[in-house]
file coords-v1.cif (mmCIF, C-alpha atoms)
data_protein
#
loop_
_atom_site.label_atom_id
_atom_site.label_comp_id
_atom_site.auth_asym_id
_atom_site.auth_seq_id
_atom_site.Cartn_x
_atom_site.Cartn_y
_atom_site.Cartn_z
CA MET A 1151 17.67 48.85 -103.94
CA ASP A 1152 13.88 48.26 -103.85
CA LEU A 1153 13.19 44.69 -104.78
CA LYS A 1154 9.98 43.38 -106.27
CA PHE A 1155 9.99 39.60 -106.06
CA LEU A 1156 8.35 37.06 -108.31
CA VAL A 1157 7.90 33.97 -106.11
CA VAL A 1158 7.35 30.83 -108.19
CA ASP A 1159 6.30 27.57 -106.53
CA ASP A 1160 3.48 25.11 -107.23
CA SER A 1161 2.91 24.72 -103.49
CA VAL A 1162 0.76 27.49 -102.04
CA THR A 1163 2.24 26.69 -98.62
CA MET A 1164 5.79 27.20 -99.86
CA ARG A 1165 4.90 30.48 -101.57
CA ARG A 1166 3.43 31.74 -98.30
CA ILE A 1167 6.49 30.59 -96.36
CA VAL A 1168 8.88 32.29 -98.80
CA ILE A 1169 6.81 35.49 -98.74
CA ASN A 1170 6.53 35.44 -94.92
CA SER A 1171 10.30 35.02 -94.72
CA LEU A 1172 10.81 37.95 -97.12
CA LYS A 1173 8.41 40.05 -95.02
CA SER A 1174 10.45 39.22 -91.92
CA LEU A 1175 13.44 40.59 -93.86
CA SER A 1176 11.48 43.85 -94.42
CA TYR A 1177 10.62 43.25 -98.09
CA SER A 1178 7.07 44.08 -99.06
CA ASP A 1179 6.61 43.80 -102.80
CA PHE A 1180 5.69 40.37 -104.20
CA VAL A 1181 4.06 38.71 -107.18
CA GLU A 1182 3.23 34.99 -107.12
CA ALA A 1183 3.12 32.28 -109.78
CA GLY A 1184 2.22 28.57 -109.52
CA ASP A 1185 4.50 27.32 -112.31
CA GLY A 1186 7.09 28.44 -114.84
CA LYS A 1187 4.55 29.27 -117.55
CA GLU A 1188 2.54 31.50 -115.22
CA ALA A 1189 5.81 33.10 -114.10
CA LEU A 1190 6.70 34.04 -117.68
CA GLU A 1191 3.22 35.53 -118.13
CA LYS A 1192 3.64 37.57 -114.93
CA LEU A 1193 7.07 38.76 -116.08
CA GLY A 1194 5.62 39.79 -119.42
CA ALA A 1195 2.83 41.72 -117.75
CA ASP A 1196 4.89 43.49 -115.06
CA ASN A 1197 8.21 45.08 -115.95
CA THR A 1198 8.79 46.25 -112.36
CA ILE A 1199 9.64 42.72 -111.18
CA ASN A 1200 13.38 42.73 -110.56
CA PHE A 1201 14.07 39.49 -108.65
CA VAL A 1202 12.91 35.91 -109.25
CA ILE A 1203 12.78 33.21 -106.58
CA THR A 1204 11.82 29.89 -108.08
CA ASP A 1205 11.28 26.27 -107.11
CA TRP A 1206 12.57 23.52 -109.44
CA ASN A 1207 9.94 20.74 -109.45
CA MET A 1208 6.77 22.23 -110.90
CA PRO A 1209 4.14 21.11 -113.40
CA VAL A 1210 3.65 22.67 -116.87
CA LEU A 1211 7.07 24.41 -116.94
CA SER A 1212 9.70 23.49 -114.36
CA GLY A 1213 11.95 25.93 -112.53
CA LEU A 1214 14.94 24.89 -114.62
CA GLU A 1215 12.99 25.43 -117.85
CA LEU A 1216 11.88 28.81 -116.49
CA VAL A 1217 15.51 29.81 -115.83
CA LYS A 1218 16.47 28.79 -119.37
CA ALA A 1219 13.48 30.69 -120.80
CA ILE A 1220 14.40 33.83 -118.85
CA ARG A 1221 18.07 33.62 -119.85
CA SER A 1222 17.16 33.26 -123.52
CA ASN A 1223 14.74 36.19 -123.47
CA GLU A 1224 16.23 39.56 -124.44
CA THR A 1225 13.94 41.52 -122.11
CA PHE A 1226 14.46 39.50 -118.92
CA ASN A 1227 17.82 37.80 -119.36
CA LYS A 1228 19.57 39.98 -116.78
CA LEU A 1229 17.03 39.26 -114.01
CA PRO A 1230 18.57 37.89 -110.81
CA ILE A 1231 17.31 34.35 -110.15
CA LEU A 1232 17.50 32.47 -106.86
CA MET A 1233 16.51 28.83 -106.98
CA VAL A 1234 14.94 27.46 -103.78
CA THR A 1235 14.43 23.71 -104.04
CA THR A 1236 14.60 20.36 -102.28
CA ARG A 1237 17.06 19.15 -104.92
CA GLY A 1238 20.39 19.07 -103.15
CA VAL A 1239 22.29 16.59 -105.30
CA LYS A 1240 25.55 17.97 -106.71
CA GLU A 1241 24.59 17.17 -110.32
CA ASP A 1242 21.32 19.11 -109.92
CA ILE A 1243 23.09 22.14 -108.46
CA LEU A 1244 25.59 22.10 -111.32
CA GLU A 1245 22.78 21.80 -113.86
CA ALA A 1246 21.05 24.83 -112.32
CA LEU A 1247 24.31 26.78 -112.36
CA GLN A 1248 24.86 25.86 -115.97
CA ALA A 1249 21.39 27.22 -116.73
CA ARG A 1250 22.70 30.41 -115.04
CA VAL A 1251 20.82 30.74 -111.77
CA ASN A 1252 22.52 33.38 -109.62
CA ASN A 1253 22.35 31.40 -106.40
CA TYR A 1254 20.92 28.24 -104.93
CA VAL A 1255 19.10 27.46 -101.66
CA VAL A 1256 18.25 23.94 -100.52
CA LYS A 1257 14.94 23.49 -98.65
CA PRO A 1258 14.26 23.61 -95.78
CA PHE A 1259 15.72 27.11 -95.57
CA THR A 1260 15.83 29.85 -92.95
CA PRO A 1261 15.22 33.58 -93.53
CA GLN A 1262 18.91 34.14 -92.70
CA ILE A 1263 20.00 31.90 -95.60
CA LEU A 1264 17.51 33.66 -97.87
CA LYS A 1265 18.82 37.07 -96.82
CA GLU A 1266 22.43 35.98 -97.29
CA LYS A 1267 21.78 34.76 -100.84
CA ILE A 1268 19.67 37.77 -101.84
CA ASP A 1269 22.36 40.14 -100.52
CA GLN A 1270 25.07 38.22 -102.40
CA ILE A 1271 23.10 38.41 -105.65
CA VAL A 1272 22.25 42.10 -105.24
CA GLN A 1273 25.92 42.93 -104.58
CA ILE A 1274 27.06 41.16 -107.74
CA VAL A 1275 24.27 42.13 -110.17
CA MET B 1107 21.95 -68.88 -140.11
CA LYS B 1108 19.75 -65.89 -140.71
CA GLN B 1109 17.37 -67.16 -138.03
CA LEU B 1110 20.25 -67.46 -135.51
CA ASN B 1111 21.22 -63.84 -136.19
CA SER B 1112 17.62 -62.72 -135.66
CA MET B 1113 17.49 -64.56 -132.35
CA ALA B 1114 20.72 -62.92 -131.19
CA ASP B 1115 19.29 -59.60 -132.24
CA LEU B 1116 16.11 -60.34 -130.30
CA PHE B 1117 18.10 -61.23 -127.18
CA ASN B 1118 20.04 -58.01 -127.53
CA ARG B 1119 16.79 -56.04 -127.75
CA LEU B 1120 15.43 -57.90 -124.72
CA ASN B 1121 18.61 -57.04 -122.84
CA ASP B 1122 18.19 -53.37 -123.82
CA LEU B 1123 14.58 -53.56 -122.60
CA LYS B 1124 15.76 -55.14 -119.33
CA VAL B 1125 18.27 -52.31 -118.85
CA ALA B 1126 15.53 -49.79 -119.65
CA PHE B 1127 13.23 -51.43 -117.09
CA SER B 1128 15.94 -51.43 -114.45
CA TYR B 1129 16.54 -47.71 -115.17
CA GLY B 1130 12.78 -47.19 -115.10
CA GLU B 1131 12.54 -48.83 -111.69
CA LYS B 1132 15.19 -46.38 -110.51
CA TYR B 1133 13.69 -43.23 -112.08
CA ILE B 1134 9.95 -43.86 -111.82
CA PRO B 1135 9.84 -42.70 -108.16
CA ILE B 1136 11.71 -39.50 -109.14
CA ILE B 1137 9.33 -38.87 -112.04
CA GLN B 1138 6.44 -39.62 -109.72
CA SER B 1139 7.70 -37.08 -107.16
CA ILE B 1140 8.10 -34.47 -109.95
CA ILE B 1141 4.49 -35.08 -110.99
CA ASP B 1142 3.37 -34.80 -107.35
CA PHE B 1143 5.36 -31.57 -106.96
CA MET B 1144 3.75 -30.14 -110.09
CA LYS B 1145 0.32 -31.14 -108.83
CA GLN B 1146 1.01 -29.20 -105.64
CA THR B 1147 2.59 -26.26 -107.46
CA VAL B 1148 -0.20 -25.57 -109.93
CA PRO B 1149 -2.75 -24.51 -107.25
CA LEU B 1150 0.01 -22.49 -105.56
CA LEU B 1151 0.71 -20.66 -108.84
CA GLU B 1152 -3.01 -20.07 -109.25
CA THR B 1153 -3.09 -18.60 -105.71
CA ILE B 1154 -0.12 -16.36 -106.56
CA ASN B 1155 -1.86 -15.25 -109.75
CA THR B 1156 -5.06 -14.42 -107.84
CA SER B 1157 -3.07 -12.67 -105.14
CA ILE B 1158 -1.21 -10.55 -107.73
CA SER B 1159 -4.51 -9.67 -109.41
CA ASP B 1160 -6.03 -8.66 -106.05
CA THR B 1161 -2.98 -6.54 -105.21
CA ALA B 1162 -3.08 -4.86 -108.62
CA VAL B 1163 -6.75 -3.99 -108.02
CA LYS B 1164 -6.02 -2.57 -104.53
CA ILE B 1165 -3.13 -0.34 -105.68
CA PRO B 1166 -5.28 2.51 -107.09
CA LYS B 1167 -7.00 2.70 -103.68
CA ALA B 1168 -3.60 2.95 -101.97
CA LYS B 1169 -2.68 5.77 -104.37
CA ASP B 1170 -5.92 7.59 -103.57
CA GLN B 1171 -5.25 7.23 -99.85
CA ILE B 1172 -1.77 8.71 -100.24
CA ASN B 1173 -3.22 11.59 -102.28
CA ASN B 1174 -5.80 12.13 -99.53
CA VAL B 1175 -3.01 12.31 -96.93
CA SER B 1176 -1.21 14.90 -99.07
CA SER B 1177 -4.36 17.00 -99.48
CA ALA B 1178 -5.21 16.75 -95.78
CA THR B 1179 -1.73 17.86 -94.68
CA GLU B 1180 -1.81 20.75 -97.17
CA LEU B 1181 -5.18 21.85 -95.80
CA ALA B 1182 -3.96 21.56 -92.21
CA THR B 1183 -0.79 23.49 -93.09
CA THR B 1184 -2.81 26.26 -94.72
CA GLU B 1185 -4.96 26.48 -91.57
CA ILE B 1186 -1.87 26.65 -89.36
CA LEU B 1187 -0.40 29.35 -91.63
CA ASP B 1188 -3.66 31.34 -91.37
CA ILE B 1189 -3.54 31.14 -87.57
CA VAL B 1190 0.17 31.99 -87.50
CA ASP B 1191 -0.45 35.01 -89.77
CA SER B 1192 -3.27 36.12 -87.50
CA ILE B 1193 -1.04 35.78 -84.39
CA SER B 1194 1.75 37.72 -86.15
CA LEU B 1195 -0.69 40.48 -87.02
CA GLU B 1196 -1.96 40.68 -83.43
CA ILE B 1197 1.61 40.77 -82.09
CA GLU B 1198 2.44 43.56 -84.52
CA LYS B 1199 -0.61 45.58 -83.43
CA ILE B 1200 0.09 45.14 -79.70
CA GLU B 1201 3.78 45.87 -80.25
CA THR B 1202 2.91 49.14 -81.99
CA ASP B 1203 0.56 50.06 -79.12
CA VAL B 1204 3.19 49.22 -76.49
CA LYS B 1205 5.77 51.31 -78.34
CA SER B 1206 3.33 54.25 -78.32
CA ILE B 1207 2.84 53.75 -74.57
CA GLN B 1208 6.63 53.66 -74.17
CA LYS B 1209 6.90 57.01 -76.00
CA MET B 1210 4.19 58.51 -73.78
CA GLU B 1211 5.86 57.16 -70.65
CA ASP B 1212 9.17 58.73 -71.72
CA GLU B 1213 7.38 62.03 -72.25
CA LYS B 1214 5.60 61.67 -68.87
CA LYS B 1215 8.93 61.08 -67.13
CA LYS B 1216 10.42 64.16 -68.76
CA ILE B 1217 7.47 66.32 -67.67
CA TRP B 1218 7.54 64.76 -64.20
CA GLY B 1219 11.21 65.69 -63.87
CA GLN B 1220 10.44 69.27 -64.90
CA ILE B 1221 7.59 69.42 -62.33
CA LYS B 1222 9.90 68.09 -59.59
CA GLU B 1223 12.50 70.72 -60.43
CA SER B 1224 10.04 73.62 -60.57
CA ILE B 1225 8.03 72.98 -57.40
CA ASN B 1226 9.37 73.83 -54.01
CA ALA B 1227 7.76 70.96 -52.20
CA SER B 1228 7.89 70.03 -48.53
CA PRO B 1229 9.84 66.86 -47.47
CA GLU B 1230 6.51 65.02 -47.01
CA VAL B 1231 5.46 65.81 -50.59
CA ILE B 1232 8.91 64.76 -51.90
CA GLU B 1233 8.55 61.48 -50.00
CA LEU B 1234 5.14 60.94 -51.56
CA ILE B 1235 6.55 61.71 -55.01
CA GLU B 1236 9.34 59.14 -54.49
CA LYS B 1237 6.80 56.54 -53.31
CA TYR B 1238 4.70 57.23 -56.41
CA GLU B 1239 7.74 56.89 -58.66
CA LYS B 1240 8.54 53.48 -57.16
CA LEU B 1241 4.99 52.30 -57.89
CA ASP B 1242 5.06 53.67 -61.43
CA MET B 1243 6.97 50.75 -62.95
CA ILE B 1244 5.31 50.62 -66.40
CA ARG B 1245 8.16 52.42 -68.10
CA GLU B 1246 10.74 49.99 -66.73
CA GLU B 1247 8.61 46.97 -67.71
CA ILE B 1248 8.04 47.99 -71.33
CA PRO B 1249 11.44 46.81 -72.69
CA LYS B 1250 10.82 43.40 -71.07
CA ILE B 1251 7.38 43.22 -72.70
CA LEU B 1252 8.90 44.16 -76.07
CA ASN B 1253 11.50 41.42 -75.62
CA VAL B 1254 8.73 38.87 -75.03
CA PHE B 1255 7.03 40.08 -78.22
CA GLN B 1256 10.28 39.68 -80.14
CA LYS B 1257 10.73 36.15 -78.81
CA THR B 1258 7.13 35.24 -79.64
CA ARG B 1259 7.56 36.69 -83.12
CA ASN B 1260 10.67 34.52 -83.63
CA ASP B 1261 8.81 31.45 -82.37
CA VAL B 1262 5.94 32.15 -84.76
CA ASN B 1263 8.42 32.56 -87.64
CA ASN B 1264 10.00 29.25 -86.68
CA ILE B 1265 6.59 27.54 -86.78
CA THR B 1266 6.14 28.93 -90.31
CA LEU B 1267 9.55 27.63 -91.35
CA SER B 1268 8.87 24.20 -89.88
CA LEU B 1269 5.81 24.00 -92.13
CA GLN B 1270 8.21 23.50 -95.05
CA VAL B 1271 7.97 19.88 -93.95
CA GLN B 1272 4.56 19.76 -95.70
CA ASP B 1273 6.04 20.56 -99.12
CA ILE B 1274 8.90 18.12 -98.57
CA THR B 1275 6.67 15.23 -97.41
CA SER B 1276 4.27 15.94 -100.27
CA GLN B 1277 7.14 15.36 -102.69
CA GLN B 1278 8.13 12.19 -100.86
CA LEU B 1279 4.52 10.94 -101.05
CA ALA B 1280 4.34 11.83 -104.75
CA ALA B 1281 7.51 9.77 -105.25
CA VAL B 1282 5.93 6.83 -103.37
CA ASN B 1283 2.80 7.19 -105.52
CA HIS B 1284 4.92 7.06 -108.63
CA LEU B 1285 6.62 3.89 -107.39
CA ILE B 1286 3.24 2.31 -106.56
CA GLU B 1287 1.97 3.15 -110.03
CA SER B 1288 5.09 1.60 -111.56
CA VAL B 1289 4.58 -1.56 -109.47
CA ARG B 1290 0.93 -1.71 -110.61
CA GLU B 1291 1.98 -1.45 -114.25
CA LYS B 1292 4.58 -4.19 -113.77
CA LEU B 1293 2.09 -6.43 -111.95
CA SER B 1294 -0.46 -5.94 -114.72
CA SER B 1295 2.09 -6.97 -117.30
CA LEU B 1296 3.10 -9.93 -115.10
CA ILE B 1297 -0.52 -11.09 -114.85
CA GLN B 1298 -0.84 -10.79 -118.61
CA ASN B 1299 2.34 -12.81 -119.04
CA LEU B 1300 1.19 -15.49 -116.57
CA ASN B 1301 -2.07 -15.79 -118.43
CA GLU B 1302 -0.17 -16.14 -121.65
CA SER B 1303 1.98 -18.79 -119.89
CA GLU B 1304 5.20 -17.06 -120.78
CA THR B 1305 7.57 -14.75 -118.97
CA LYS B 1306 8.88 -11.74 -120.76
CA GLU B 1307 11.86 -9.53 -119.95
CA SER B 1308 9.51 -6.58 -119.34
CA SER B 1309 8.02 -8.24 -116.27
CA ILE B 1310 11.21 -7.63 -114.32
CA LEU B 1311 10.70 -4.70 -111.96
CA ASN B 1312 12.71 -1.74 -113.15
CA ILE B 1313 11.29 1.43 -111.66
CA SER B 1314 12.71 4.81 -112.58
CA ILE B 1315 11.71 8.40 -111.93
CA PRO B 1316 10.47 10.16 -115.08
CA LYS B 1317 12.45 13.14 -116.38
CA GLY B 1318 9.61 15.66 -116.03
CA ALA B 1319 8.55 14.55 -112.53
CA THR B 1320 7.11 17.35 -110.42
CA PHE B 1321 8.58 15.87 -107.26
CA ASP B 1322 11.98 15.19 -105.85
CA PRO B 1323 12.30 11.55 -104.71
CA ASN B 1324 15.31 12.56 -102.59
CA ALA B 1325 13.49 15.40 -100.79
CA GLU B 1326 14.19 15.31 -97.08
CA TYR B 1327 13.34 17.44 -94.08
CA THR B 1328 16.59 17.84 -92.21
CA LYS B 1329 18.32 20.43 -90.07
CA SER B 1330 21.63 19.39 -91.58
CA THR B 1331 23.32 22.07 -93.69
CA GLU B 1332 25.31 19.51 -95.67
CA LYS B 1333 23.39 20.02 -98.94
CA GLN B 1334 23.37 23.81 -98.56
CA ASP B 1335 27.13 23.66 -97.94
CA VAL B 1336 27.60 21.74 -101.20
CA ALA B 1337 25.42 24.32 -103.00
CA ASP B 1338 27.37 27.22 -101.45
CA SER B 1339 30.67 25.68 -102.41
CA LEU B 1340 29.54 25.06 -106.01
CA VAL B 1341 27.99 28.53 -106.33
CA SER B 1342 31.14 30.10 -104.94
CA SER B 1343 33.32 28.06 -107.29
CA SER B 1344 31.11 28.93 -110.25
CA LEU B 1345 31.41 32.62 -109.38
CA ASN B 1346 35.17 32.15 -109.45
CA LYS B 1347 34.77 30.36 -112.80
CA THR B 1348 36.70 27.36 -111.54
CA THR B 1349 34.01 24.72 -111.91
CA GLN B 1350 33.39 25.21 -115.63
CA ASP B 1351 35.61 22.23 -116.30
CA GLU B 1352 33.65 20.26 -113.77
CA ILE B 1353 30.35 21.35 -115.34
CA ASP B 1354 31.64 20.58 -118.86
CA LYS B 1355 32.89 17.20 -117.71
CA LEU B 1356 29.50 16.44 -116.20
CA PHE B 1357 27.56 17.44 -119.26
CA SER B 1358 29.92 16.27 -122.01
#
call {"tool": "encode", "arguments": {"input": "coords-v1.cif", "output": "structure tokens"}}
result
Amino acid sequence: MDLKFLVVDDSVTMRRIVINSLKSLSYSDFVEAGDGKEALEKLGADNTINFVITDWNMPVLSGLELVKAIRSNETFNKLPILMVTTRGVKEDILEALQARVNNYVVKPFTPQILKEKIDQIVQIV
Amino acid sequence: MKQLNSMADLFNRLNDLKVAFSYGEKYIPIIQSIIDFMKQTVPLLETINTSISDTAVKIPKAKDQINNVSSATELATTEILDIVDSISLEIEKIETDVKSIQKMEDEKKKIWGQIKESINASPEVIELIEKYEKLDMIREEIPKILNVFQKTRNDVNNITLSLQVQDITSQQLAAVNHLIESVREKLSSLIQNLNESETKESSILNISIPKGATFDPNAEYTKSTEKQDVADSLVSSSLNKTTQDEIDKLFS
């Protein structure tokens, strides 16, 4: 399955790190967004995006709000979403799961963890 | 008779006065020491007030300095990422070239073998050919070179991954900035209260992280997989639909 990723993070550094990690896993198609609002705009403008990797703590529209917005949108609600965040508290993870993220990675991550979670999501979806 | 009663009354009053004086003699030193203490305390309170005011004024500068540290580390990280990307690109180019050389060397060896088989050379020529083959080590060295490239590529990737520390420390610094701002607000209200000569409940420090904060105060850069393990276990349980009760309990 050819994946086109939407990488959402307010930190330019983190977006580059995520994209570099995806490149090391032989993925080559990416779109970037600096917050949840921009991510929704990118999703609206590009219907070839088929995987979302998002941070949680972001200005304007947070990652959690983005997940809820995607899940309540008829066009995108089936999109696989992987949350990559520093928030590793059990309550946060449960809140993200309740918002229906497909998987959850706690920063700092390794490309192996990223690969593992992407593969798990792709197998299920 | 009335006069006698008045006299008795007067003596009683005088007795009361005597008792009051004897109490006074006992308590005057205490009252005096309280007054002395207050005299000493007032300038101290004024010093505290001034000190709090000074601190409140300095806090915005501290916030700016923390923001500067965040910006500087982000800039430095971007520069490191640029260099790392450039190294990765160079490695990729050289690796491609070396792989082409490896292909050519394989082809050369094949042709060389065919030449050796087809010529009917003298023992001296065969000896020379064998000597030449021993000197022609490039082909044997190529896999080692490719291994070094692979290792360097992994090291470069690890440098990239370690740079996640910038995002994590930025969030920690943002959390510290938020705390500093909260302290400044509380100090300002304290100064106001001191000036109004009354202490209000609101002056008690009670700092909390706002709901929409764009930072995680608990962010930490650690090699421990403990948090990821918790996430994996919860994700796995949620896939098996066994944590719904847990989720409901948490959010009810």
call {"tool": "atom_distance", "arguments": {"input": "coords-v1.cif", "atom1": "atom CA of Lys1132 of chain B", "atom2": "atom CA of Gln1146 of chain B"}}
result
22.8 Å
call {"tool": "resolve_selection", "arguments": {"input": "coords-v1.cif", "expression": "the PyMOL selection byres ((chain A) within 6 of (chain B))", "output": "CSV table (one decimal) with C-alpha atoms, in the coordinates of the input"}}
result
chain,number,residue,atom,x,y,z
A,1207,ASN,CA,9.9,20.7,-109.4
A,1208,MET,CA,6.8,22.2,-110.9
A,1209,PRO,CA,4.1,21.1,-113.4
A,1236,THR,CA,14.6,20.4,-102.3
A,1238,GLY,CA,20.4,19.1,-103.2
A,1256,VAL,CA,18.2,23.9,-100.5
call {"tool": "atom_distance", "arguments": {"input": "coords-v1.cif", "atom1": "atom CA of Tyr1177 of chain A", "atom2": "atom CA of Ser1222 of chain A"}}
result
28.1 Å
call {"tool": "closest_residue", "arguments": {"input": "coords-v1.cif", "among": "A:Tyr1254, A:Phe1201, A:Phe1259, A:Trp1206", "to": "Leu1229 of chain A", "atoms": "only C-alpha atoms"}}
result
A:Phe1201
call {"tool": "atom_distance", "arguments": {"input": "coords-v1.cif", "atom1": "atom CA of Leu1244 of chain A", "atom2": "atom CA of Ser1343 of chain B"}}
result
10.6 Å
call {"tool": "closest_residue", "arguments": {"input": "coords-v1.cif", "among": "A:Ile1199, A:Val1251, A:Leu1232, A:Leu1211", "to": "Asp1152 of chain A", "atoms": "only C-alpha atoms"}}
result
A:Ile1199
call {"tool": "residues_around", "arguments": {"input": "coords-v1.cif", "residues": "Leu1216 of chain A", "least_positions_apart": "3", "cutoff": "6 Å", "atoms": "all atoms listed in the file", "output": "list in words"}}
result
Gly1186, Gly1213 and Ala1219 of chain A
call {"tool": "residues_around", "arguments": {"input": "coords-v1.cif", "residues": "Lys1187 of chain A", "least_positions_apart": "4", "cutoff": "12 Å", "atoms": "all atoms listed in the file", "output": "ChimeraX atom specification"}}
result
/A:1158-1160,1182-1183,1191-1194,1204,1208-1217,1219-1220
call {"tool": "closest_residue", "arguments": {"input": "coords-v1.cif", "among": "B:Thr1275, B:Ser1192, B:Gln1256, B:Ile1197", "to": "Pro1258 of chain A", "atoms": "all atoms listed in the file"}}
result
B:Thr1275
call {"tool": "closest_residue", "arguments": {"input": "coords-v1.cif", "among": "B:Glu1247, B:Asp1115, B:Asp1261, B:Asp1142", "to": "Lys1205 of chain B", "atoms": "only C-alpha atoms"}}
result
B:Glu1247
call {"tool": "residues_around", "arguments": {"input": "coords-v1.cif", "residues": "Val1168 of chain A", "least_positions_apart": "4", "cutoff": "9 Å", "atoms": "all atoms listed in the file", "output": "ChimeraX atom specification"}}
result
/A:1157,1163-1164,1172-1173,1203,1261,1264 /B:1267
call {"tool": "closest_residue", "arguments": {"input": "coords-v1.cif", "among": "B:Asn1299, B:Ile1134, B:Leu1279, B:Thr1258", "to": "Asn1174 of chain B", "atoms": "only C-alpha atoms"}}
result
B:Leu1279
call {"tool": "closest_residue", "arguments": {"input": "coords-v1.cif", "among": "A:Lys1267, A:Lys1228, A:Lys1218, A:Arg1237", "to": "Ala1249 of chain A", "atoms": "only C-alpha atoms"}}
result
A:Lys1218
call {"tool": "resolve_selection", "arguments": {"input": "coords-v1.cif", "expression": "the PyMOL selection byres ((chain B and resi 1208-1221) around 12)", "output": "list of chain:residue names"}}
result
B:Glu1201, B:Thr1202, B:Asp1203, B:Val1204, B:Lys1205, B:Ser1206, B:Ile1207, B:Lys1222, B:Glu1223, B:Ser1224, B:Ile1225, B:Asn1226, B:Ala1227, B:Ile1232, B:Ile1235, B:Glu1236, B:Tyr1238, B:Glu1239, B:Asp1242, B:Met1243, B:Ile1244, B:Arg1245, B:Glu1246, B:Glu1247, B:Ile1248, B:Pro1249, B:Lys1250, B:Ile1251, B:Leu1252
